[in-house]
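Content type PDB, C-alpha atoms, from the file my_file36.pdb:
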```
ATOM      1  CA  GLU A1154      -9.766 -33.536  25.943
ATOM      2  CA  VAL A1155      -8.271 -30.541  24.105
ATOM      3  CA  LYS A1156      -9.729 -29.700  20.702
ATOM      4  CA  GLU A1157      -7.750 -27.740  18.158
ATOM      5  CA  PRO A1158      -9.639 -24.668  16.957
ATOM      6  CA  THR A1159     -11.136 -24.993  13.498
ATOM      7  CA  ILE A1160     -11.444 -22.420  10.742
ATOM      8  CA  SER A1161     -14.720 -20.514  11.052
ATOM      9  CA  THR A1162     -14.352 -18.067   8.178
ATOM     10  CA  ILE A1163     -11.858 -16.648   5.733
ATOM     11  CA  GLU A1164     -12.552 -13.170   4.435
ATOM     12  CA  ASN A1165     -12.345 -12.532   0.716
ATOM     13  CA  PHE A1166      -9.851  -9.784  -0.087
ATOM     14  CA  SER A1167      -8.623  -7.542  -2.861
ATOM     15  CA  THR A1168      -5.251  -6.258  -3.999
ATOM     16  CA  ASN A1169      -4.372  -3.320  -6.257
ATOM     17  CA  VAL A1170      -1.562  -3.459  -8.819
ATOM     18  CA  PHE A1171      -0.536  -1.259 -11.709
ATOM     19  CA  GLN A1172      -0.914  -2.308 -15.314
ATOM     20  CA  HIS A1173       1.974  -4.540 -16.494
ATOM     21  CA  ASP A1174       3.221  -5.185 -12.935
ATOM     22  CA  GLU A1175       4.137  -8.735 -11.984
ATOM     23  CA  TYR A1176       1.818 -10.229  -9.392
ATOM     24  CA  ILE A1177       2.747 -13.086  -7.052
ATOM     25  CA  PHE A1178      -0.096 -14.794  -5.224
ATOM     26  CA  PRO A1179       0.134 -14.937  -1.438
ATOM     27  CA  ALA A1180       1.086 -18.317  -0.011
ATOM     28  CA  THR A1181      -1.124 -17.792   3.051
ATOM     29  CA  VAL A1182      -4.394 -16.112   4.031
ATOM     30  CA  VAL A1183      -5.723 -15.055   7.416
ATOM     31  CA  ALA A1184      -8.380 -17.384   8.837
ATOM     32  CA  ASN A1185     -10.789 -16.580  11.666
ATOM     33  CA  MET A1186     -10.633 -19.500  14.077
ATOM     34  CA  SER A1187     -13.439 -21.047  16.168
ATOM     35  CA  ASN A1188     -11.812 -19.811  19.415
ATOM     36  CA  GLY A1189     -11.898 -16.145  18.304
ATOM     37  CA  THR A1190      -8.260 -15.924  17.211
ATOM     38  CA  THR A1191      -6.817 -15.516  13.746
ATOM     39  CA  LYS A1192      -4.208 -17.688  12.095
ATOM     40  CA  GLU A1193      -2.307 -17.575   8.814
ATOM     41  CA  VAL A1194      -3.052 -20.722   6.842
ATOM     42  CA  PRO A1195      -1.670 -22.004   3.532
ATOM     43  CA  VAL A1196      -3.876 -21.417   0.484
ATOM     44  CA  ASN A1197      -3.935 -23.294  -2.818
ATOM     45  CA  TRP A1198      -4.936 -21.033  -5.712
ATOM     46  CA  ILE A1199      -6.951 -22.837  -8.373
ATOM     47  CA  ASN A1200      -5.778 -20.633 -11.248
ATOM     48  CA  THR A1201      -2.735 -18.375 -11.184
ATOM     49  CA  ASP A1202      -2.741 -17.163 -14.788
ATOM     50  CA  VAL A1203      -2.626 -13.374 -14.385
ATOM     51  CA  ASP A1204      -2.703 -10.883 -17.241
ATOM     52  CA  THR A1205      -1.947  -7.472 -15.771
ATOM     53  CA  SER A1206      -1.943  -5.815 -19.195
ATOM     54  CA  ILE A1207      -5.739  -5.490 -19.032
ATOM     55  CA  ILE A1208      -7.115  -2.739 -16.780
ATOM     56  CA  GLY A1209      -9.977  -3.892 -14.557
ATOM     57  CA  SER A1210     -10.715  -6.604 -12.017
ATOM     58  CA  GLN A1211      -9.830 -10.274 -12.145
ATOM     59  CA  PHE A1212     -11.119 -12.869  -9.675
ATOM     60  CA  PHE A1213      -9.207 -15.867  -8.360
ATOM     61  CA  GLU A1214     -10.433 -18.661  -6.115
ATOM     62  CA  GLY A1215      -8.382 -20.507  -3.537
ATOM     63  CA  THR A1216      -8.926 -23.454  -1.223
ATOM     64  CA  VAL A1217      -7.677 -24.037   2.294
ATOM     65  CA  GLU A1218      -7.320 -27.461   3.878
ATOM     66  CA  GLY A1219      -9.879 -27.933   6.655
ATOM     67  CA  TYR A1220     -12.183 -25.197   5.354
ATOM     68  CA  ALA A1221     -15.362 -26.102   3.481
ATOM     69  CA  GLY A1222     -15.665 -22.745   1.712
ATOM     70  CA  SER A1223     -13.312 -21.007  -0.649
ATOM     71  CA  VAL A1224     -11.496 -17.699  -0.576
ATOM     72  CA  THR A1225     -11.755 -15.147  -3.377
ATOM     73  CA  LEU A1226      -8.997 -12.741  -4.325
ATOM     74  CA  THR A1227     -10.027  -9.736  -6.412
ATOM     75  CA  LEU A1228      -7.026  -8.388  -8.299
ATOM     76  CA  ILE A1229      -7.666  -4.778  -9.337
ATOM     77  CA  ILE A1230      -5.401  -3.659 -12.184
ATOM     78  CA  ASN A1231      -5.038   0.115 -12.403
ATOM     79  CA  GLU A1232      -3.628   2.141 -15.255
ATOM     80  CA  TYR A1233      -0.197   3.571 -14.560
ATOM     81  CA  ILE A1234       0.197   7.097 -15.873
ATOM     82  CA  PRO A1235       3.846   8.153 -15.920
ATOM     83  CA  ASN A1236       4.719  11.573 -14.522
ATOM     84  CA  ILE A1237       7.197  12.803 -17.132
ATOM     85  CA  GLN A1238       8.425  16.344 -17.668
ATOM     86  CA  THR A1239       9.884  16.917 -21.134
ATOM     87  CA  ASN A1240      11.934  19.863 -22.355
ATOM     88  CA  ALA A1241      13.337  20.498 -25.810
ATOM     89  CA  TYR A1242      15.086  23.632 -26.906
ATOM     90  CA  SER A1243      17.505  24.958 -29.492
ATOM     91  CA  MET A1244      20.995  25.088 -28.016
ATOM     92  CA  TYR A1245      22.079  27.738 -30.497
ATOM     93  CA  SER A1246      20.585  29.212 -33.626
ATOM     94  CA  ILE A1247      21.602  31.527 -36.428
ATOM     95  CA  ASN A1248      18.950  33.499 -38.344
ATOM     96  CA  ASN A1249      16.108  31.314 -36.961
ATOM     97  CA  LEU A1250      17.963  28.137 -37.994
ATOM     98  CA  SER A1251      18.811  25.784 -35.102
ATOM     99  CA  LYS A1252      22.143  23.999 -35.295
ATOM    100  CA  ALA A1253      21.512  21.769 -32.240
ATOM    101  CA  ILE A1254      18.496  20.667 -30.204
ATOM    102  CA  SER A1255      18.715  19.497 -26.603
ATOM    103  CA  ILE A1256      16.062  17.115 -25.280
ATOM    104  CA  SER A1257      15.667  16.225 -21.605
ATOM    105  CA  MET A1258      13.102  14.185 -19.693
ATOM    106  CA  ASN A1259      12.584  13.835 -15.942
ATOM    107  CA  ASN A1260      10.689  10.868 -14.527
ATOM    108  CA  TYR A1261       8.848  11.982 -11.385
ATOM    109  CA  GLY A1262       6.965   8.667 -11.190
ATOM    110  CA  GLU A1263       7.514   5.571  -9.085
ATOM    111  CA  LYS A1264       8.169   3.205 -11.987
ATOM    112  CA  PRO A1265      10.805   3.164 -14.723
ATOM    113  CA  VAL A1266       9.688   4.408 -18.122
ATOM    114  CA  THR A1267      11.072   3.707 -21.586
ATOM    115  CA  VAL A1268      11.672   6.181 -24.376
ATOM    116  CA  ASN A1269      10.036   4.452 -27.347
ATOM    117  CA  LYS A1270      10.598   7.093 -29.980
ATOM    118  CA  ILE A1271      11.770  10.688 -30.465
ATOM    119  CA  GLU A1272      10.225  12.645 -33.338
ATOM    120  CA  VAL A1273      11.510  16.022 -34.526
ATOM    121  CA  TYR A1274       9.118  18.178 -36.553
ATOM    122  CA  GLU A1275      10.192  21.101 -38.720
ATOM    123  CA  SER A1276       7.454  23.602 -39.551
ATOM    124  CA  GLY A1277       4.868  21.011 -38.460
ATOM    125  CA  THR A1278       6.215  18.233 -40.744
ATOM    126  CA  LEU A1279       8.030  15.142 -39.466
ATOM    127  CA  PHE A1280      11.740  15.772 -40.054
ATOM    128  CA  THR A1281      13.562  13.003 -38.134
ATOM    129  CA  THR A1282      12.600   9.935 -36.094
ATOM    130  CA  TYR A1283      14.784   8.090 -33.603
ATOM    131  CA  THR A1284      13.392   4.706 -32.485
ATOM    132  CA  SER A1285      14.344   2.993 -29.240
ATOM    133  CA  GLU A1286      16.360   0.467 -31.281
ATOM    134  CA  GLN A1287      18.297   3.243 -33.021
ATOM    135  CA  LEU A1288      18.978   4.960 -29.704
ATOM    136  CA  ALA A1289      20.099   1.684 -28.077
ATOM    137  CA  ASN A1290      22.318   0.854 -31.089
ATOM    138  CA  SER A1291      23.948   4.267 -30.633
ATOM    139  CA  GLY A1292      24.692   3.474 -26.993
ATOM    140  CA  ILE A1293      21.890   5.667 -25.629
ATOM    141  CA  SER A1294      19.898   4.023 -22.855
ATOM    142  CA  THR A1295      16.140   4.315 -23.317
ATOM    143  CA  GLU A1296      15.158   3.590 -19.714
ATOM    144  CA  ILE A1297      14.489   6.403 -17.264
ATOM    145  CA  LEU A1298      14.544   5.161 -13.677
ATOM    146  CA  PRO A1299      12.092   6.497 -11.077
ATOM    147  CA  TYR A1300      13.031  10.079 -10.162
ATOM    148  CA  GLY A1301      15.761   9.929 -12.805
ATOM    149  CA  ASN A1302      16.476  11.962 -15.888
ATOM    150  CA  TRP A1303      17.411  11.340 -19.503
ATOM    151  CA  GLY A1304      18.739  13.538 -22.242
ATOM    152  CA  MET A1305      20.255  13.772 -25.677
ATOM    153  CA  THR A1306      21.459  16.441 -28.063
ATOM    154  CA  ILE A1307      20.903  16.371 -31.830
ATOM    155  CA  THR A1308      23.192  18.430 -34.020
ATOM    156  CA  TYR A1309      22.472  19.376 -37.630
ATOM    157  CA  LYS A1310      24.966  20.200 -40.377
ATOM    158  CA  ILE A1311      22.607  22.550 -42.171
ATOM    159  CA  GLY A1312      20.100  23.221 -39.406
ATOM    160  CA  LEU A1313      16.422  23.063 -38.535
ATOM    161  CA  TRP A1314      14.047  25.980 -39.077
ATOM    162  CA  LEU A1315      12.641  27.011 -35.709
ATOM    163  CA  ASP A1316       9.270  28.395 -36.879
ATOM    164  CA  GLY A1317       6.599  25.785 -36.099
ATOM    165  CA  SER A1318       9.198  23.189 -35.098
ATOM    166  CA  TYR A1319       8.894  20.929 -32.060
ATOM    167  CA  VAL A1320       9.997  17.625 -30.546
ATOM    168  CA  LYS A1321       7.583  14.835 -29.606
TER
END
```

Would you write the structure of this file as structure tokens?
Amino acid sequence: EVKEPTISTIENFSTNVFQHDEYIFPATVVANMSNGTTKEVPVNWINTDVDTSIIGSQFFEGTVEGYAGSVTLTLIINEYIPNIQTNAYSMYSINNLSKAISISMNNYGEKPVTVNKIEVYESGTLFTTYTSEQLANSGISTEILPYGNWGMTITYKIGLWLDGSYVK
């Protein structure tokens, strides 16, 4: 008489994701069998409501047919910090008055980033704001792909005083 090996144990496991990433639960887990081998077996997750916007750990329980215990998945959500290099400079100026500002950003990270807003300050006071909606309505893409770059130039009829001015 030949007996099929049974499931002895299933190890709990953890997975790391970045904040706001989509997470898809695995359809199978690795089970340690009674004959000393391992086998991938289907798992049924009890709850699959994942909120990856919250940094920290979330715990999910799954069941496997033919196994009396349960398996626990620890989902560790890590903060994603973009690696962006930003440059802004006056393209040309006359008597300390800039007639055009060039802005460029390089995304050295592994995920796309979105330009939410550009603020131009003159002498430390907010002078102009460009929202992502305004940029998109002007035909300017606000997404910077991984290892990609983005840029725009702002021209002024009268100009922008350079002393204490900056772009954020």

Next on the checklist: As a check of understanding, name the residues that the PyMOL selection byres ((chain A and resi 1181) around 12) selects in the supplied structure, as a PyMOL selection string.
Outcome noted: chain A and resi 1163+1177-1180+1182-1184+1192-1198+1215-1218+1224+1226

Item to check | Nearby residues (only C-alpha atoms) at most 7 Å from Pro1299 (chain A), same-chain spacing under 4 positions excluded, as a list of chain:residue names | outcome: A:Asn1260, A:Tyr1261, A:Gly1262, A:Glu1263, A:Lys1264, A:Pro1265

Next on the checklist: Under the rule that all atoms listed in the file are counted, which of A:Gln1172, A:Ser1255, A:Ser1206, A:Thr1282 is the nearest residue to Pro1235 (chain A)?
Outcome noted: A:Gln1172

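Near Gly1189 (chain A), within 12 Å and counting only C-alpha atoms, sit Pro1158, Thr1159, Ile1160, Ser1161, Thr1162, Ala1184, Asn1185, Met1186, Ser1187, Thr1191 and Lys1192 of chain A, not including residues fewer than 2 positions from it in the same chain.
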
Item to check | Test item: the PyMOL selection byres ((chain A and resi 1204) around 10) resolved as a PyMOL selection string | outcome: chain A and resi 1172-1176+1201-1203+1205-1208+1211+1230

Checklist entry - Applied to this file, what does the PyMOL selection byres ((chain A and resi 1306) around 8) return in terms of residues, put as JSON, numbers by chain? => result {"A": [1253, 1254, 1255, 1256, 1304, 1305, 1307, 1308]}

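Across A:Asn1302, A:Thr1190, A:Ser1318, A:Ser1257, the tightest approach to Leu1279 (chain A) is made by A:Ser1318 when counting all atoms listed in the file.
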
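Taking CA of Ile1297 (chain A) as the reference point, CA of Val1266 (chain A) is found at 5.3 Å.
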
Item to check | Pick from A:Val1155, A:Met1258, A:Val1273, A:Val1268 nearest to Gly1301 (chain A), counting all atoms listed in the file | outcome: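 The shortest atom-to-atom distance to Gly1301 (chain A) comes from A:Met1258.
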
Test item: axis-aligned box, all listed atoms of region 1167-1179 of chain A, 5 Å on each side, centre and edges in Å rounded to one decimal, as JSON:
```
{"center_x": -2.2, "center_y": -8.1, "center_z": -9.0, "size_x": 22.8, "size_y": 23.7, "size_z": 25.1}
```

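CA of Glu1275 (chain A) is found 8.9 Å from CA of Val1320 (chain A).
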
Item to check | Straight-line distance linking CA of Ser1285 (chain A) with CA of Thr1239 (chain A), stated in Å to one decimal | outcome: 16.7 Å

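Among the candidates A:Asn1249, A:Asn1269, A:Ser1276, A:Ser1223, the residue lying nearest to Leu1288 (chain A) is A:Asn1269 (atoms considered: only C-alpha atoms).
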
Next on the checklist: I'd like to know which of A:Lys1270, A:Phe1171, A:Glu1214, A:Tyr1220 is closest to Ile1234 (chain A), using all atoms listed in the file.
Outcome noted: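 Using all atoms listed in the file, the shortest distance to Ile1234 (chain A) belongs to A:Phe1171.
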
Next on the checklist: Show me, as number ranges by chain, the residues that have an atom within 9 Å of Leu1250 (chain A) when counting all atoms listed in the file, minus same-chain residues fewer than 5 positions from it.
Outcome noted: A: 1245, 1311-1316

Could you write out that same residue set with C-alpha atoms as a PDB file, in the frame of the given file?
```pdb
ATOM      1  CA  TYR A1245      22.079  27.738 -30.497  1.00  0.00           C
ATOM      2  CA  ILE A1311      22.607  22.550 -42.171  1.00  0.00           C
ATOM      3  CA  GLY A1312      20.100  23.221 -39.406  1.00  0.00           C
ATOM      4  CA  LEU A1313      16.422  23.063 -38.535  1.00  0.00           C
ATOM      5  CA  TRP A1314      14.047  25.980 -39.077  1.00  0.00           C
ATOM      6  CA  LEU A1315      12.641  27.011 -35.709  1.00  0.00           C
ATOM      7  CA  ASP A1316       9.270  28.395 -36.879  1.00  0.00           C
TER       8      ASP A1316
END
```
